[in-house]
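Listing of final_14.cif; format and content: mmCIF, C-alpha atoms.
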data_entry
#
loop_
_atom_site.label_atom_id
_atom_site.label_comp_id
_atom_site.auth_asym_id
_atom_site.auth_seq_id
_atom_site.Cartn_x
_atom_site.Cartn_y
_atom_site.Cartn_z
CA TYR A 5 0.00 0.00 0.00
CA LYS A 6 1.49 3.32 -1.06
CA PRO A 7 -0.46 6.58 -0.81
CA LEU A 8 0.16 9.08 -3.58
CA ASN A 9 -1.07 12.58 -4.22
CA VAL A 10 -1.87 14.14 -7.56
CA SER A 11 -2.71 17.78 -8.24
CA GLY A 12 -4.35 19.57 -11.14
CA ASN A 13 -8.09 18.98 -10.61
CA TRP A 14 -10.21 22.08 -11.15
CA MET A 15 -13.58 23.08 -12.58
CA SER A 16 -15.03 26.22 -14.15
CA LYS A 17 -18.66 27.09 -14.84
CA ALA A 18 -20.67 29.82 -16.57
CA SER A 19 -24.45 30.06 -16.71
CA MET A 20 -27.13 32.34 -18.11
CA PHE A 21 -30.85 32.68 -17.46
CA PHE A 22 -33.41 34.67 -19.45
CA GLU A 23 -37.19 34.91 -19.08
CA ARG A 24 -39.79 37.36 -20.34
CA CYS A 25 -43.36 37.66 -21.60
CA VAL A 26 -43.63 37.97 -25.37
CA ASP A 27 -47.19 39.27 -25.81
CA LYS A 28 -49.15 42.25 -24.51
CA LYS A 29 -51.54 40.14 -22.39
CA ASP A 30 -48.64 38.32 -20.66
CA ARG A 31 -49.95 34.93 -21.68
CA PHE A 32 -46.85 33.65 -23.45
CA THR A 33 -43.63 33.39 -21.45
CA PHE A 34 -40.32 32.48 -23.05
CA ARG A 35 -37.60 30.97 -20.88
CA GLU A 36 -34.00 30.13 -21.73
CA GLU A 37 -31.31 28.57 -19.56
CA PHE A 38 -27.73 28.00 -20.62
CA ASP A 39 -24.98 26.31 -18.66
CA PHE A 40 -21.36 25.60 -19.61
CA ARG A 41 -18.94 23.55 -17.48
CA TYR A 42 -15.37 22.49 -17.91
CA ASN A 43 -13.79 19.90 -15.62
CA HIS A 44 -10.04 19.36 -15.75
CA SER A 45 -9.56 15.95 -14.14
CA VAL A 46 -6.20 14.43 -13.22
CA ASP A 47 -5.55 10.95 -11.90
CA LEU A 48 -2.82 8.29 -11.67
CA VAL A 49 -3.31 5.03 -13.57
CA SER A 50 -1.13 1.94 -13.63
CA ASP A 51 0.47 0.61 -16.80
CA ASN A 52 1.62 -2.98 -16.62
CA ASN A 53 4.72 -3.25 -18.78
CA GLY A 54 6.26 -6.69 -18.45
CA GLU A 55 7.10 -7.36 -14.82
CA THR A 56 7.03 -3.72 -13.70
CA THR A 57 4.09 -1.51 -12.92
CA LYS A 58 4.46 2.08 -13.94
CA LEU A 59 2.20 4.88 -12.76
CA LEU A 60 1.11 7.31 -15.46
CA ARG A 61 -0.49 10.70 -15.10
CA SER A 62 -3.90 10.73 -16.77
CA THR A 63 -5.52 14.02 -17.73
CA VAL A 64 -9.12 14.08 -18.93
CA HIS A 65 -10.87 17.14 -20.38
CA ASN A 66 -14.62 17.26 -19.76
CA TYR A 67 -16.79 19.77 -21.62
CA ASN A 68 -20.48 19.95 -20.80
CA VAL A 69 -23.02 22.27 -22.39
CA ARG A 70 -26.64 22.28 -21.23
CA GLY A 71 -29.52 24.30 -22.64
CA ASN A 72 -33.18 24.42 -21.65
CA THR A 73 -35.69 26.29 -23.82
CA SER A 74 -39.41 26.48 -23.05
CA LEU A 75 -42.52 28.41 -24.00
CA LYS A 76 -45.38 28.70 -21.50
CA TYR A 77 -48.97 29.71 -22.25
CA SER A 78 -51.26 30.71 -19.35
CA ILE A 79 -55.00 31.47 -19.47
CA ASN A 80 -57.87 31.14 -16.98
CA LYS A 81 -55.80 29.38 -14.28
CA ARG A 82 -54.50 26.94 -16.89
CA SER A 83 -50.94 26.65 -18.14
CA PHE A 84 -49.27 24.74 -20.97
CA VAL A 85 -45.50 24.37 -21.30
CA LEU A 86 -43.60 23.07 -24.32
CA GLY A 87 -39.83 22.75 -24.07
CA ALA A 88 -36.62 20.89 -24.71
CA ASN A 89 -33.58 20.19 -22.56
CA VAL A 90 -30.30 19.33 -24.30
CA ASN A 91 -27.18 18.16 -22.47
CA TRP A 92 -24.11 17.76 -24.69
CA LYS A 93 -20.87 16.30 -23.34
CA ARG A 94 -17.41 16.05 -24.86
CA GLN A 95 -14.61 14.12 -23.13
CA PHE A 96 -11.11 13.20 -24.23
CA GLY A 97 -7.83 12.36 -22.52
CA ASN A 98 -4.10 11.96 -23.09
CA ARG A 99 -3.99 8.16 -22.61
CA ASP A 100 -3.59 6.00 -25.68
CA ASN A 101 -6.38 3.67 -24.57
CA PHE A 102 -8.83 6.42 -23.62
CA SER A 103 -12.07 6.29 -25.60
CA SER A 104 -13.21 9.82 -26.43
CA LEU A 105 -16.88 10.68 -26.10
CA SER A 106 -19.15 13.15 -27.85
CA ALA A 107 -22.79 12.48 -26.96
CA ALA A 108 -26.03 14.25 -26.16
CA ASP A 109 -28.92 13.57 -23.79
CA ILE A 110 -32.13 15.22 -25.02
CA ASN A 111 -35.43 15.64 -23.19
CA TYR A 112 -38.52 16.95 -24.97
CA TYR A 113 -41.44 17.67 -22.68
CA PHE A 114 -45.00 18.95 -22.63
CA ARG A 115 -46.74 19.87 -19.37
CA ALA A 116 -50.32 20.99 -18.80
CA ASN A 117 -52.15 21.78 -15.58
CA GLY A 118 -55.33 23.50 -14.52
CA PRO A 119 -58.99 22.92 -13.63
CA LEU A 120 -61.24 20.61 -15.64
CA VAL A 121 -64.87 20.07 -14.59
CA TRP A 122 -66.52 19.44 -11.20
CA ASP A 123 -63.60 21.11 -9.37
CA ILE A 124 -61.13 18.54 -10.70
CA ASP A 125 -57.56 19.76 -11.26
CA VAL A 126 -55.30 17.93 -13.67
CA THR A 127 -51.52 17.88 -14.12
CA SER A 128 -50.16 15.97 -17.09
CA THR A 129 -46.51 15.68 -18.14
CA PHE A 130 -45.27 13.91 -21.26
CA ASN A 131 -41.52 13.41 -21.74
CA ILE A 132 -39.37 11.97 -24.51
CA TYR A 133 -35.88 11.01 -23.35
CA SER A 134 -33.35 10.45 -26.14
CA ARG A 135 -29.64 9.61 -26.09
CA ARG A 136 -27.42 9.99 -29.12
CA GLY A 137 -23.71 9.65 -29.92
CA TYR A 138 -22.72 6.83 -27.56
CA ALA A 139 -20.43 4.06 -28.77
CA SER A 140 -22.82 1.34 -27.60
CA SER A 141 -25.95 1.10 -29.73
CA ALA A 142 -27.89 -0.05 -26.66
CA MET A 143 -27.44 3.41 -25.15
CA ASN A 144 -28.73 5.30 -28.19
CA ASP A 145 -32.39 4.86 -27.31
CA ASP A 146 -35.68 6.70 -26.79
CA HIS A 147 -38.08 6.47 -23.85
CA PHE A 148 -41.60 7.88 -23.63
CA VAL A 149 -42.80 8.75 -20.13
CA TRP A 150 -46.28 10.06 -19.35
CA ASN A 151 -47.39 11.01 -15.83
CA LEU A 152 -50.89 12.11 -14.86
CA THR A 153 -52.37 13.52 -11.63
CA LEU A 154 -56.03 14.25 -10.86
CA SER A 155 -57.15 15.97 -7.65
CA ARG A 156 -60.45 17.22 -6.24
CA PRO A 157 -61.30 18.98 -2.97
CA PHE A 158 -64.29 18.02 -0.82
CA LEU A 159 -66.23 19.56 2.08
CA LYS A 160 -67.35 23.15 2.23
CA SER A 161 -63.92 24.30 3.39
CA LYS A 162 -62.20 22.22 0.69
CA ALA A 163 -59.95 20.83 3.41
CA LEU A 164 -60.35 17.21 2.26
CA ILE A 165 -58.52 16.44 -0.99
CA PHE A 166 -58.50 13.23 -2.98
CA LYS A 167 -55.64 12.92 -5.45
CA LEU A 168 -55.01 10.15 -7.98
CA GLU A 169 -51.43 9.91 -9.22
CA VAL A 170 -50.57 7.68 -12.19
CA CYS A 171 -46.86 7.34 -13.01
CA ASP A 172 -45.43 6.04 -16.27
CA LEU A 173 -48.71 5.31 -18.04
CA LEU A 174 -46.85 3.85 -21.02
CA GLY A 175 -44.56 1.63 -18.94
CA ASP A 176 -41.40 2.84 -20.68
CA VAL A 177 -39.25 4.17 -17.81
CA SER A 178 -35.68 2.88 -18.05
CA ASP A 179 -34.22 1.25 -14.93
CA THR A 180 -30.66 1.73 -16.18
CA ARG A 181 -28.57 4.79 -15.37
CA THR A 182 -25.33 5.44 -17.21
CA VAL A 183 -22.65 7.90 -16.07
CA VAL A 184 -19.53 8.71 -18.06
CA ASN A 185 -17.29 10.65 -15.72
CA ALA A 186 -13.70 11.79 -15.76
CA GLN A 187 -11.99 8.44 -15.47
CA GLY A 188 -14.44 5.78 -16.45
CA PHE A 189 -17.78 4.46 -17.55
CA THR A 190 -20.39 3.36 -15.02
CA GLU A 191 -23.66 1.61 -15.77
CA THR A 192 -26.05 0.90 -12.90
CA TRP A 193 -29.24 -1.16 -12.86
CA TYR A 194 -32.01 -0.30 -10.40
CA ASN A 195 -34.90 -2.38 -9.09
CA SER A 196 -37.53 0.20 -9.92
CA ILE A 197 -41.30 0.05 -9.58
CA PRO A 198 -43.02 -0.19 -13.00
CA HIS A 199 -45.94 2.03 -13.95
CA TYR A 200 -48.37 2.34 -11.07
CA ALA A 201 -51.27 4.35 -9.65
CA MET A 202 -51.49 5.80 -6.16
CA LEU A 203 -54.43 7.37 -4.36
CA HIS A 204 -53.71 10.16 -1.86
CA VAL A 205 -56.15 11.37 0.79
CA CYS A 206 -55.14 14.70 2.30
CA TYR A 207 -56.81 16.76 4.98
CA LYS A 208 -55.75 20.31 5.71
CA PHE A 209 -56.46 21.73 9.13
CA ASN A 210 -55.50 24.88 10.97
CA THR A 211 -54.76 24.75 14.69
CA MET A 212 -54.56 28.54 15.02
CA SER A 213 -57.47 29.96 16.98
CA LYS A 214 -59.47 32.77 15.43
CA LYS A 215 -59.26 36.04 17.31
CA LYS A 216 -62.41 38.08 17.51
CA ASN A 217 -62.16 41.80 17.12
CA SER A 218 -63.41 43.53 20.22
CA ASP A 219 -65.48 46.72 19.97
CA LYS A 220 -63.95 49.78 21.47
#

Whole structure, structure tokens version:
Amino acid sequence: YKPLNVSGNWMSKASMFFERCVDKKDRFTFREEFDFRYNHSVDLVSDNNGETTKLLRSTVHNYNVRGNTSLKYSINKRSFVLGANVNWKRQFGNRDNFSSLSAADINYYFRANGPLVWDIDVTSTFNIYSRRGYASSAMNDDHFVWNLTLSRPFLKSKALIFKLEVCDLLGDVSDTRTVVNAQGFTETWYNSIPHYAMLHVCYKFNTMSKKKNSDK
């Protein structure tokens, strides 16, 4: 066992956020997020050459660009959002056996929420998750995920709320997570619950006593 230190790890980041209404009635809202990161990663790796083991300095350059663009429309307590989230990564190193990477994770989404009929509120989110540019064809895939929530208040005070939550209506959520970091490739499998429905019963109560105004 021989502890060794290596220096040279640092990270820089720049981000931008922009949001504004684009019509006179303030119904359409445009939103843009931009994020750039650079990670300079240094490590020591062993190189078995014959009977000797030689430690080599490995330097990996990680570029990551993320952008999120969305357009929101609001009217009569209802809102609709259409957007896309793109995460592009570029990684390369000085080792001869290092496999460079240039790939993108893309998320298209549509979200709607607001009242329907009979005091029922609905929240619906539809996502398309796409991965492109990976060396393994199994990772260049598409997944369609649709979540839906219905809720309705009861009683005169509307303190009792019944909410039905349905996750992954299409049954297409991936239970595999892949991370390509500075020094390696990690693929993890999760024991995840498939598409399901859950009923929530909520009751809101206030323990604060009401103070009566006294006449002077």

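CA of Phe38 in chain A to CA of Ala18 in chain A spans 8.3 Å [interatomic distance, one decimal].
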
TODO: Select, from A:Pro198, A:Gly87, A:Gly97, A:Pro7, the residue with the minimum atom-to-atom distance to Ser45 in chain A, counting only C-alpha atoms.
DONE: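 When distances to Ser45 in chain A are compared using only C-alpha atoms, the smallest one comes from A:Gly97.
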
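As for CA of Met202 in chain A and CA of Tyr113 in chain A, they are spaced 22.7 Å apart.
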
Task: Å distance separating CA of Ser11 in chain A from CA of Val46 in chain A, one decimal place - done: 6.9 Å

- [ ] Kindly indicate which residue among A:Lys17, A:Arg94, A:Arg35, A:Arg70 lies nearest to Tyr138 in chain A, using only C-alpha atoms for the distances.
- [x] A:Arg94
